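Structure file data20.csv with CSV, C-alpha atoms:
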chain,number,residue,atom,x,y,z
L,1019,MET,CA,-27.4,-22.2,-11.5
L,1020,ASN,CA,-26.2,-18.6,-12.1
L,1021,GLY,CA,-23.8,-17.2,-9.6
L,1022,ILE,CA,-22.7,-20.6,-8.2
L,1023,THR,CA,-18.9,-21.0,-8.4
L,1024,ASN,CA,-17.2,-24.3,-9.0
L,1025,GLU,CA,-15.9,-24.2,-5.4
L,1026,GLY,CA,-19.3,-23.5,-4.0
L,1027,LEU,CA,-20.7,-26.4,-5.9
L,1028,VAL,CA,-18.0,-28.8,-4.6
L,1029,LEU,CA,-18.6,-27.5,-1.0
L,1030,MET,CA,-22.3,-28.1,-1.3
L,1031,GLY,CA,-21.8,-31.6,-2.6
L,1032,SER,CA,-19.3,-32.3,0.2
L,1033,ALA,CA,-21.7,-31.1,2.8
L,1034,ILE,CA,-24.5,-33.2,1.5
L,1035,GLY,CA,-22.1,-36.2,1.2
L,1036,ALA,CA,-21.1,-35.7,4.8
L,1037,GLY,CA,-24.7,-35.7,5.9
L,1038,LEU,CA,-25.3,-38.9,3.9
L,1039,ALA,CA,-22.2,-40.5,5.3
L,1040,VAL,CA,-23.3,-40.3,8.9
L,1041,ILE,CA,-26.5,-42.2,8.0
L,1042,ALA,CA,-24.1,-45.2,8.5
L,1043,GLY,CA,-25.0,-44.7,12.2
L,1044,ILE,CA,-28.3,-46.5,11.7
L,1045,GLY,CA,-26.6,-49.9,11.4
L,1046,PRO,CA,-24.6,-49.8,14.6
L,1047,GLY,CA,-27.7,-48.4,16.4
L,1048,ILE,CA,-29.7,-51.4,15.5
L,1049,GLY,CA,-26.9,-53.8,16.2
L,1050,GLN,CA,-26.1,-52.3,19.6
L,1051,GLY,CA,-29.8,-52.4,20.5
L,1052,ILE,CA,-30.0,-56.1,19.6
L,1053,ALA,CA,-26.9,-56.8,21.7
L,1054,ALA,CA,-28.3,-54.9,24.7
L,1055,GLY,CA,-31.6,-56.6,24.4
L,1056,TYR,CA,-30.1,-60.1,24.4
L,1057,GLY,CA,-27.7,-59.0,27.2
L,1058,ALA,CA,-30.7,-58.0,29.3
L,1059,SER,CA,-32.5,-61.2,28.7
L,1060,ALA,CA,-29.3,-63.2,29.5
L,1061,VAL,CA,-29.0,-61.3,32.8
L,1062,GLY,CA,-32.7,-62.1,33.5
L,1063,ARG,CA,-32.1,-65.8,32.9
L,1064,ASN,CA,-28.8,-66.0,34.9
L,1065,PRO,CA,-28.3,-63.0,37.2
L,1066,GLY,CA,-25.1,-64.6,38.6
L,1067,ALA,CA,-23.2,-64.1,35.4
L,1068,ARG,CA,-24.0,-60.4,35.2
L,1069,GLY,CA,-20.3,-59.2,35.1
L,1070,GLU,CA,-19.3,-61.5,32.3
L,1071,ILE,CA,-22.4,-60.8,30.2
L,1072,MET,CA,-21.8,-57.1,30.7
L,1073,SER,CA,-18.2,-57.2,29.5
L,1074,THR,CA,-19.1,-59.5,26.5
L,1075,MET,CA,-22.0,-57.2,25.5
L,1076,LEU,CA,-19.9,-54.1,25.8
L,1077,LEU,CA,-17.1,-55.6,23.7
L,1078,GLY,CA,-19.5,-56.7,21.0
L,1079,GLN,CA,-21.2,-53.3,21.0
L,1080,ALA,CA,-17.9,-51.5,20.7
L,1081,VAL,CA,-16.9,-53.7,17.7
L,1082,ALA,CA,-20.3,-53.1,16.1
L,1083,GLU,CA,-19.8,-49.4,16.5
L,1084,THR,CA,-16.8,-49.4,14.2
L,1085,THR,CA,-18.8,-49.3,11.0
L,1086,GLY,CA,-20.7,-46.3,12.2
L,1087,LEU,CA,-17.4,-44.6,13.1
L,1088,TYR,CA,-16.1,-45.2,9.5
L,1089,GLY,CA,-19.0,-43.1,8.3
L,1090,LEU,CA,-18.2,-40.4,10.8
L,1091,VAL,CA,-14.6,-40.4,9.7
L,1092,VAL,CA,-15.7,-40.0,6.1
L,1093,ALA,CA,-17.9,-37.1,7.1
L,1094,LEU,CA,-15.1,-35.4,9.0
L,1095,ILE,CA,-12.7,-35.8,6.1
L,1096,LEU,CA,-15.3,-34.3,3.7
L,1097,LEU,CA,-15.9,-31.3,6.1
L,1098,PHE,CA,-12.4,-30.6,7.4
L,1099,ALA,CA,-9.8,-32.0,5.0
L,1100,ASN,CA,-11.8,-31.9,1.7
L,1101,PRO,CA,-9.7,-33.8,-0.9
L,1102,LEU,CA,-12.1,-32.7,-3.7
L,1103,ILE,CA,-11.3,-29.0,-3.4
L,1104,GLY,CA,-7.8,-29.6,-4.5
L,1105,ARG,CA,-9.0,-31.3,-7.7
L,1106,LEU,CA,-10.5,-28.1,-9.1
N,164,MET,CA,-2.8,-41.8,5.3
N,165,GLY,CA,-1.6,-40.9,8.8
N,166,MET,CA,-0.3,-37.6,7.5
N,167,LEU,CA,-3.6,-36.9,5.9
N,168,MET,CA,-5.6,-37.6,9.0
N,169,THR,CA,-3.2,-35.7,11.2
N,170,ASN,CA,-3.6,-32.7,8.9
N,171,MET,CA,-7.3,-33.1,8.9
N,172,MET,CA,-7.6,-33.0,12.7
N,173,ALA,CA,-5.1,-30.2,12.9
N,174,GLY,CA,-7.5,-27.9,11.0
N,175,ALA,CA,-5.5,-27.2,7.9
N,176,GLY,CA,-7.8,-24.4,7.1
N,177,SER,CA,-9.2,-26.0,3.9
N,178,GLY,CA,-12.9,-26.7,3.7
N,179,VAL,CA,-15.5,-25.1,5.9
N,180,MET,CA,-14.6,-23.9,9.3
N,181,LEU,CA,-17.3,-23.2,11.8
N,182,ALA,CA,-16.9,-19.7,13.2
N,183,ASP,CA,-16.9,-20.3,17.0
N,184,ALA,CA,-16.7,-24.0,17.5
N,185,ASP,CA,-13.2,-25.0,18.3
N,186,PHE,CA,-12.4,-28.7,18.4
N,187,THR,CA,-9.5,-29.1,16.1
N,188,ALA,CA,-5.8,-29.3,17.1
N,189,HIS,CA,-3.8,-26.2,16.2
N,190,TYR,CA,-0.5,-25.8,14.6
N,191,LEU,CA,1.9,-24.1,17.0
N,192,MET,CA,5.3,-24.2,15.5
N,193,PRO,CA,6.7,-25.5,12.2
N,194,ILE,CA,9.6,-27.9,12.4
N,195,ASN,CA,11.9,-28.9,9.5
N,196,LEU,CA,12.3,-32.7,9.6
N,197,PHE,CA,14.4,-34.2,6.8
N,198,GLY,CA,13.3,-31.5,4.4
N,199,GLN,CA,9.7,-32.1,5.2
N,200,LYS,CA,7.7,-29.4,7.0
N,201,VAL,CA,5.9,-30.9,10.0
N,202,PHE,CA,4.1,-29.1,12.8
N,203,PHE,CA,4.3,-29.1,16.5
N,204,THR,CA,0.6,-29.2,17.4
N,205,THR,CA,-1.6,-28.9,20.5
N,206,THR,CA,-1.7,-32.7,20.5
N,207,HIS,CA,1.9,-32.8,21.4
N,208,VAL,CA,1.5,-30.4,24.3
N,209,CYS,CA,-1.5,-32.3,25.6
N,210,THR,CA,0.4,-35.6,25.3
N,211,CYS,CA,3.2,-34.1,27.3
N,212,ILE,CA,0.9,-32.9,30.0
N,213,VAL,CA,-0.8,-36.3,30.2
N,214,LEU,CA,2.6,-38.0,30.5
N,215,ILE,CA,3.8,-35.6,33.2
N,216,ALA,CA,0.5,-36.2,35.1
N,217,ILE,CA,1.0,-40.0,34.9
N,218,LEU,CA,4.7,-39.7,36.0
N,219,ALA,CA,3.7,-37.4,38.9
N,220,LEU,CA,1.1,-39.9,40.0
N,221,ALA,CA,3.6,-42.7,39.8
N,222,PHE,CA,6.2,-40.9,41.8
N,223,TYR,CA,3.6,-39.9,44.4
N,224,ALA,CA,2.4,-43.5,44.8
N,225,ARG,CA,6.0,-44.7,45.1
N,226,HIS,CA,6.8,-42.0,47.6
N,227,ALA,CA,3.7,-43.0,49.7
N,228,VAL,CA,4.5,-46.7,49.5
N,229,LEU,CA,8.2,-46.5,50.4
N,230,LYS,CA,7.8,-44.1,53.4
N,231,GLU,CA,10.5,-44.1,56.1
N,232,ASP,CA,8.3,-44.8,59.1
N,233,TYR,CA,6.5,-47.8,57.5
N,234,GLU,CA,4.1,-49.6,59.7
N,235,VAL,CA,0.7,-50.1,58.2
N,236,PRO,CA,-0.3,-49.5,54.6
N,237,ASN,CA,-1.7,-46.0,54.2
N,238,ASN,CA,-4.6,-44.9,52.1
N,239,VAL,CA,-2.6,-44.2,48.9
N,240,GLN,CA,-1.1,-47.6,49.0
N,241,ASN,CA,-4.5,-49.1,49.4
N,242,VAL,CA,-5.8,-47.3,46.4
N,243,VAL,CA,-2.8,-48.2,44.3
N,244,GLU,CA,-3.1,-51.9,45.3
N,245,MET,CA,-6.8,-51.9,44.5
N,246,LEU,CA,-6.1,-50.5,41.0
N,247,ILE,CA,-3.3,-52.9,40.3
N,248,GLU,CA,-5.3,-55.9,41.6
N,249,PHE,CA,-8.3,-54.8,39.4
N,250,LEU,CA,-6.1,-54.5,36.3
N,251,ASP,CA,-4.3,-57.7,37.1
N,252,GLY,CA,-7.7,-59.4,37.4
N,253,VAL,CA,-8.8,-58.1,34.0
N,254,VAL,CA,-5.6,-59.3,32.3
N,255,ALA,CA,-5.7,-62.7,34.1
N,256,ASN,CA,-9.4,-63.3,33.1
N,257,ASN,CA,-8.7,-62.6,29.5
N,258,MET,CA,-5.2,-64.1,28.9
N,259,GLY,CA,-5.1,-67.1,31.1
N,260,ARG,CA,-1.6,-68.5,31.3
N,261,HIS,CA,-0.1,-65.7,29.2
N,262,ALA,CA,-1.2,-63.1,31.7
N,263,LYS,CA,2.0,-62.8,33.5
N,264,ALA,CA,4.1,-61.9,30.5
N,265,PHE,CA,1.7,-59.2,29.2
N,266,SER,CA,0.2,-57.6,32.3
N,267,ASN,CA,2.8,-54.9,32.4
N,268,TYR,CA,2.1,-53.9,28.7
N,269,ILE,CA,-1.7,-54.0,29.0
N,270,MET,CA,-1.7,-52.0,32.2
N,271,THR,CA,0.5,-49.3,30.7
N,272,LEU,CA,-1.8,-49.2,27.7
N,273,MET,CA,-4.9,-48.9,29.9
N,274,ILE,CA,-3.6,-46.3,32.2
N,275,PHE,CA,-2.3,-44.1,29.3
N,276,ILE,CA,-5.4,-44.4,27.2
N,277,PHE,CA,-7.8,-43.8,30.2
N,278,ILE,CA,-6.0,-40.7,31.4
N,279,ALA,CA,-5.7,-39.5,27.8
N,280,ASN,CA,-9.4,-40.0,27.2
N,281,THR,CA,-10.5,-38.4,30.4
N,282,SER,CA,-8.1,-35.4,30.0
N,283,GLY,CA,-11.0,-33.6,28.3
N,284,LEU,CA,-12.4,-33.1,31.7
N,285,PHE,CA,-9.5,-30.9,32.6
N,286,GLY,CA,-9.9,-28.7,29.5
N,287,LEU,CA,-7.3,-30.4,27.4
N,288,ARG,CA,-7.9,-31.7,23.9
N,289,PRO,CA,-7.6,-35.5,24.4
N,290,PRO,CA,-4.4,-36.8,22.7
N,291,THR,CA,-6.3,-39.8,21.5
N,292,ALA,CA,-8.5,-37.4,19.4
N,293,ASP,CA,-5.6,-37.2,17.0
N,294,TYR,CA,-5.2,-40.1,14.5
N,295,GLY,CA,-1.4,-40.1,15.0
N,296,THR,CA,-1.6,-41.1,18.6
N,297,THR,CA,-4.1,-43.9,18.1
N,298,LEU,CA,-2.4,-45.3,15.1
N,299,ALA,CA,0.9,-45.4,17.0
N,300,LEU,CA,-0.8,-47.3,19.8
N,301,ALA,CA,-2.5,-49.7,17.4
N,302,LEU,CA,0.8,-50.3,15.5
N,303,ILE,CA,2.6,-51.2,18.8
N,304,SER,CA,-0.2,-53.8,19.5
N,305,PHE,CA,0.0,-55.0,15.9
N,306,VAL,CA,3.8,-55.7,16.1
N,307,LEU,CA,3.2,-57.5,19.4
N,308,ILE,CA,0.4,-59.6,17.8
N,309,GLN,CA,2.5,-60.6,14.8
N,310,TYR,CA,5.5,-61.2,17.1
N,311,SER,CA,3.4,-63.6,19.1
N,312,ALA,CA,2.3,-65.4,16.0
N,313,PHE,CA,5.9,-65.9,14.8
N,314,LYS,CA,7.1,-66.9,18.3
N,315,THR,CA,4.5,-69.6,18.8
N,316,SER,CA,4.2,-71.0,15.3
N,317,GLY,CA,7.3,-69.9,13.5
N,318,LEU,CA,7.0,-70.1,9.8
N,319,ARG,CA,3.7,-71.9,10.2
N,320,ALA,CA,2.3,-68.4,10.8
N,321,LEU,CA,2.9,-67.6,7.2
N,322,SER,CA,1.4,-70.8,5.8
N,323,ASP,CA,-1.6,-70.4,8.2
N,324,LEU,CA,-2.6,-67.4,6.1
N,325,ALA,CA,-3.5,-69.7,3.2
N,326,LYS,CA,-5.3,-72.0,5.6
N,327,PRO,CA,-8.8,-73.1,4.7
N,328,ILE,CA,-8.1,-72.8,0.9
N,329,PRO,CA,-5.2,-71.0,-0.8
N,330,ILE,CA,-7.7,-68.7,-2.6
N,331,LEU,CA,-8.3,-67.0,0.7
N,332,LEU,CA,-4.7,-65.8,1.0
N,333,PRO,CA,-5.3,-62.1,0.0
N,334,ILE,CA,-8.4,-61.9,2.2
N,335,ASN,CA,-6.5,-63.2,5.2
N,336,ILE,CA,-3.6,-60.8,4.6
N,337,ILE,CA,-6.1,-57.9,4.4
N,338,GLY,CA,-7.7,-59.2,7.6
N,339,GLU,CA,-4.4,-59.1,9.4
N,340,ILE,CA,-3.6,-55.6,8.2
N,341,SER,CA,-7.0,-54.2,9.0
N,342,THR,CA,-6.5,-55.1,12.7
N,343,PRO,CA,-4.5,-52.0,13.6
N,344,LEU,CA,-6.6,-49.9,11.2
N,345,SER,CA,-9.9,-50.8,12.8
N,346,MET,CA,-8.5,-50.6,16.4
N,347,SER,CA,-7.0,-47.2,15.9
N,348,LEU,CA,-10.1,-45.8,14.0
N,349,ARG,CA,-12.4,-47.1,16.7
N,350,LEU,CA,-10.6,-45.3,19.5
N,351,PHE,CA,-10.0,-42.2,17.4
N,352,GLY,CA,-13.6,-42.0,16.2
N,353,ASN,CA,-15.1,-42.4,19.6
N,354,VAL,CA,-12.9,-39.8,21.2
N,355,VAL,CA,-13.1,-37.3,18.4
N,356,SER,CA,-16.9,-37.6,18.2
N,357,GLY,CA,-17.1,-36.6,21.9
N,358,THR,CA,-14.6,-33.8,21.3
N,359,VAL,CA,-16.6,-32.5,18.3
N,360,MET,CA,-19.9,-32.7,20.3
N,361,MET,CA,-18.4,-30.8,23.2
N,362,GLY,CA,-16.8,-28.2,20.9
N,363,LEU,CA,-20.2,-27.6,19.2
N,364,TRP,CA,-22.0,-27.4,22.5
N,365,TYR,CA,-19.5,-24.9,23.9
N,366,GLY,CA,-19.1,-22.9,20.7
N,367,LEU,CA,-22.5,-22.5,19.2
N,368,LEU,CA,-25.1,-22.5,22.0
N,369,PRO,CA,-26.2,-19.5,24.1
N,370,VAL,CA,-24.5,-18.9,27.4
N,371,PHE,CA,-27.2,-20.2,29.7
N,372,VAL,CA,-26.9,-23.8,28.5
N,373,LYS,CA,-23.2,-23.8,29.0
N,374,LEU,CA,-23.5,-23.6,32.8
N,375,GLY,CA,-24.1,-26.9,34.6
N,376,LEU,CA,-25.6,-28.9,31.7
N,377,PRO,CA,-22.3,-29.8,30.0
N,378,ALA,CA,-21.4,-31.7,33.2
N,379,PHE,CA,-23.7,-34.6,32.2
N,380,LEU,CA,-22.2,-34.6,28.7
N,381,HIS,CA,-18.7,-34.7,30.1
N,382,VAL,CA,-19.7,-37.7,32.2
N,383,TYR,CA,-20.9,-39.5,29.2
N,384,PHE,CA,-18.4,-38.5,26.5
N,385,ASP,CA,-15.2,-38.3,28.6
N,386,LEU,CA,-15.7,-40.7,31.5
N,387,PHE,CA,-18.1,-43.4,30.3
N,388,SER,CA,-17.0,-43.5,26.6
N,389,GLY,CA,-13.4,-43.1,27.6
N,390,ALA,CA,-13.5,-46.0,30.0
N,391,ILE,CA,-15.3,-48.2,27.6
N,392,GLN,CA,-13.0,-47.5,24.8
N,393,THR,CA,-10.0,-48.1,27.1
N,394,TYR,CA,-11.4,-51.4,28.0
N,395,VAL,CA,-12.2,-52.3,24.4
N,396,PHE,CA,-8.8,-51.4,23.1
N,397,ALA,CA,-7.0,-53.4,25.8
N,398,MET,CA,-9.5,-56.3,25.5
N,399,LEU,CA,-9.0,-56.6,21.7
N,400,THR,CA,-5.2,-56.5,22.1
N,401,MET,CA,-5.4,-59.3,24.7
N,402,VAL,CA,-7.8,-61.3,22.6
N,403,TYR,CA,-5.7,-61.1,19.5
N,404,ILE,CA,-2.4,-61.9,21.4
N,405,THR,CA,-4.0,-64.9,23.2
N,406,ASP,CA,-5.4,-66.1,19.9
N,407,LYS,CA,-1.9,-66.1,18.3
N,408,ARG,CA,-0.2,-67.5,21.4
N,409,ASP,CA,-2.6,-70.4,21.6
N,410,ALA,CA,-2.6,-71.2,17.9
Before we go any further, please render this structure as structure tokens.
Amino acid sequence: MNGITNEGLVLMGSAIGAGLAVIAGIGPGIGQGIAAGYGASAVGRNPGARGEIMSTMLLGQAVAETTGLYGLVVALILLFANPLIGRL
Amino acid sequence: MGMLMTNMMAGAGSGVMLADADFTAHYLMPINLFGQKVFFTTTHVCTCIVLIAILALAFYARHAVLKEDYEVPNNVQNVVEMLIEFLDGVVANNMGRHAKAFSNYIMTLMIFIFIANTSGLFGLRPPTADYGTTLALALISFVLIQYSAFKTSGLRALSDLAKPIPILLPINIIGEISTPLSMSLRLFGNVVSGTVMMGLWYGLLPVFVKLGLPAFLHVYFDLFSGAIQTYVFAMLTMVYITDKRDA
């Protein structure tokens, strides 16, 4: 650990943390996939209601996406507005 | 928190900056506001450009509709009528009997957010990629939602917070407050992820992939994602307002 400054250590931890934070994208991916799958099967069963199924599906997917975006926001904060650097 | 996020997207210079990738808003001019130093950023410039574009479109449409030698509807009028009918249909489908009172607000919201989201196509940094803009939009909707609640149920809106059992009171209050937070973060996150992606693509890749290929990315990140998020934001506003009005 020779030659590593405190700041460098914090930056390294922040970069790793940002990478870990965007793993939150797994959940919304699964959720959106499930929604799309059920949407497709619903259209197959009742092709007449395609428009309504589409809009419901897209709304649900967009809501499910929010948790992933929280992870993204955490990663962006760690990378571009690091609150930890100021604590040194 | 708003201050923090605005600073964050404005590239305060702390933390790591990627050398060539440019996707943050820049400080242009410091302004002293009540003893606090705030900045005039590129977001303000882009918002002004978007507003001017919307105004110009509106005046153009009005000019075309109210022509002197008016006989048959011309093409511009047809397009405007199509747009208005489509938006009216969306609002009417989602709000039922409340559609008439809110269609103006929802349409304004949709037109602004859509043009702001797609302004990335014209080389601007989308105004909605700044947390200040989306938080303001969400707070307007939040005030409207709470006003609807008090207008329909009066003080019962307060006692409804302790509805199933009184222990749930704090959770219900947090639920109400998190509405504008989640709405603004959803719009912000979607738009800013597209902006970051395009900034990385343009900034870090060799020249030959910057020609032609980004067109497809722009179609996805600016047009598709922008339209979906516009729809979702307006839809959630409508759903929450209708929910409170029918309570």
Nearest to chain N, chosen from L:Ile1022, L:Val1061, L:Val1040, L:Leu1029, with all atoms listed in the file counted in the distances: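 Checking each of L:Ile1022, L:Val1061, L:Val1040, L:Leu1029 against chain N, counting all atoms listed in the file, the winner is L:Leu1029.
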At a cut-off of 10 Å, can you tabulate as a Markdown table every residue of chain L near chain N together with its closest atom pair and the distance in Å to one decimal, using only C-alpha atoms and ordering rows by chain then number?
| residue | atom | partner | partner_atom | distance |
| --- | --- | --- | --- | --- |
| L:Glu1025 | CA | N:Gly178 | CA | 9.9 |
| L:Val1028 | CA | N:Gly178 | CA | 10.0 |
| L:Leu1029 | CA | N:Gly178 | CA | 7.4 |
| L:Ser1032 | CA | N:Gly178 | CA | 9.2 |
| L:Ala1033 | CA | N:Val179 | CA | 9.2 |
| L:Ser1073 | CA | N:Tyr394 | CA | 9.1 |
| L:Leu1076 | CA | N:Ile391 | CA | 7.7 |
| L:Leu1077 | CA | N:Val395 | CA | 5.9 |
| L:Gly1078 | CA | N:Val395 | CA | 9.2 |
| L:Gln1079 | CA | N:Val395 | CA | 9.7 |
| L:Ala1080 | CA | N:Val395 | CA | 6.8 |
| L:Val1081 | CA | N:Arg349 | CA | 8.1 |
| L:Ala1082 | CA | N:Arg349 | CA | 9.9 |
| L:Glu1083 | CA | N:Arg349 | CA | 7.8 |
| L:Thr1084 | CA | N:Arg349 | CA | 5.6 |
| L:Thr1085 | CA | N:Arg349 | CA | 8.8 |
| L:Gly1086 | CA | N:Gly352 | CA | 9.2 |
| L:Leu1087 | CA | N:Gly352 | CA | 5.6 |
| L:Tyr1088 | CA | N:Leu348 | CA | 7.5 |
| L:Gly1089 | CA | N:Gly352 | CA | 9.6 |
| L:Leu1090 | CA | N:Gly352 | CA | 7.3 |
| L:Val1091 | CA | N:Gly352 | CA | 6.8 |
| L:Leu1094 | CA | N:Met171 | CA | 8.1 |
| L:Ile1095 | CA | N:Met171 | CA | 6.7 |
| L:Leu1096 | CA | N:Gly178 | CA | 8.0 |
| L:Leu1097 | CA | N:Gly178 | CA | 6.0 |
| L:Phe1098 | CA | N:Gly178 | CA | 5.4 |
| L:Ala1099 | CA | N:Met171 | CA | 4.8 |
| L:Asn1100 | CA | N:Gly178 | CA | 5.7 |
| L:Pro1101 | CA | N:Gly178 | CA | 9.0 |
| L:Leu1102 | CA | N:Gly178 | CA | 9.6 |
| L:Ile1103 | CA | N:Gly178 | CA | 7.6 |
| L:Gly1104 | CA | N:Ser177 | CA | 9.2 |
Gap from atom CA of Asp293 of chain N to atom CA of Ile276 of chain N - Å, one decimal: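 Taking atom CA of Asp293 of chain N and atom CA of Ile276 of chain N, their separation equals 12.5 Å.
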Nearest-residue call for Ser341 of chain N, choices N:Val370, N:Val354, N:Leu220, N:Leu302, using all atoms listed in the file: N:Leu302
Exercise: Ile247 of chain N partners within 12 Å, all atoms listed in the file, chain neighbours under 6 positions left out, as an MDAnalysis selection string: chainID N and resid 224 240:241 253:255 266:267 269:271 273:274
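You can rank N:Pro236, N:Glu248, N:Phe277, N:Ile194 by their closest distance to Phe387 of chain N using all atoms listed in the file, and at the top of that list sits N:Phe277.
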From N:Phe265, N:Phe384, N:Phe371, N:Phe379, residue lying nearest Thr400 of chain N [all atoms listed in the file]: N:Phe265
Length of the atom CA of Phe305 of chain N to atom CA of Leu344 of chain N vector [Å]: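 If I compute the distance from atom CA of Phe305 of chain N to atom CA of Leu344 of chain N, I get 9.6 Å.
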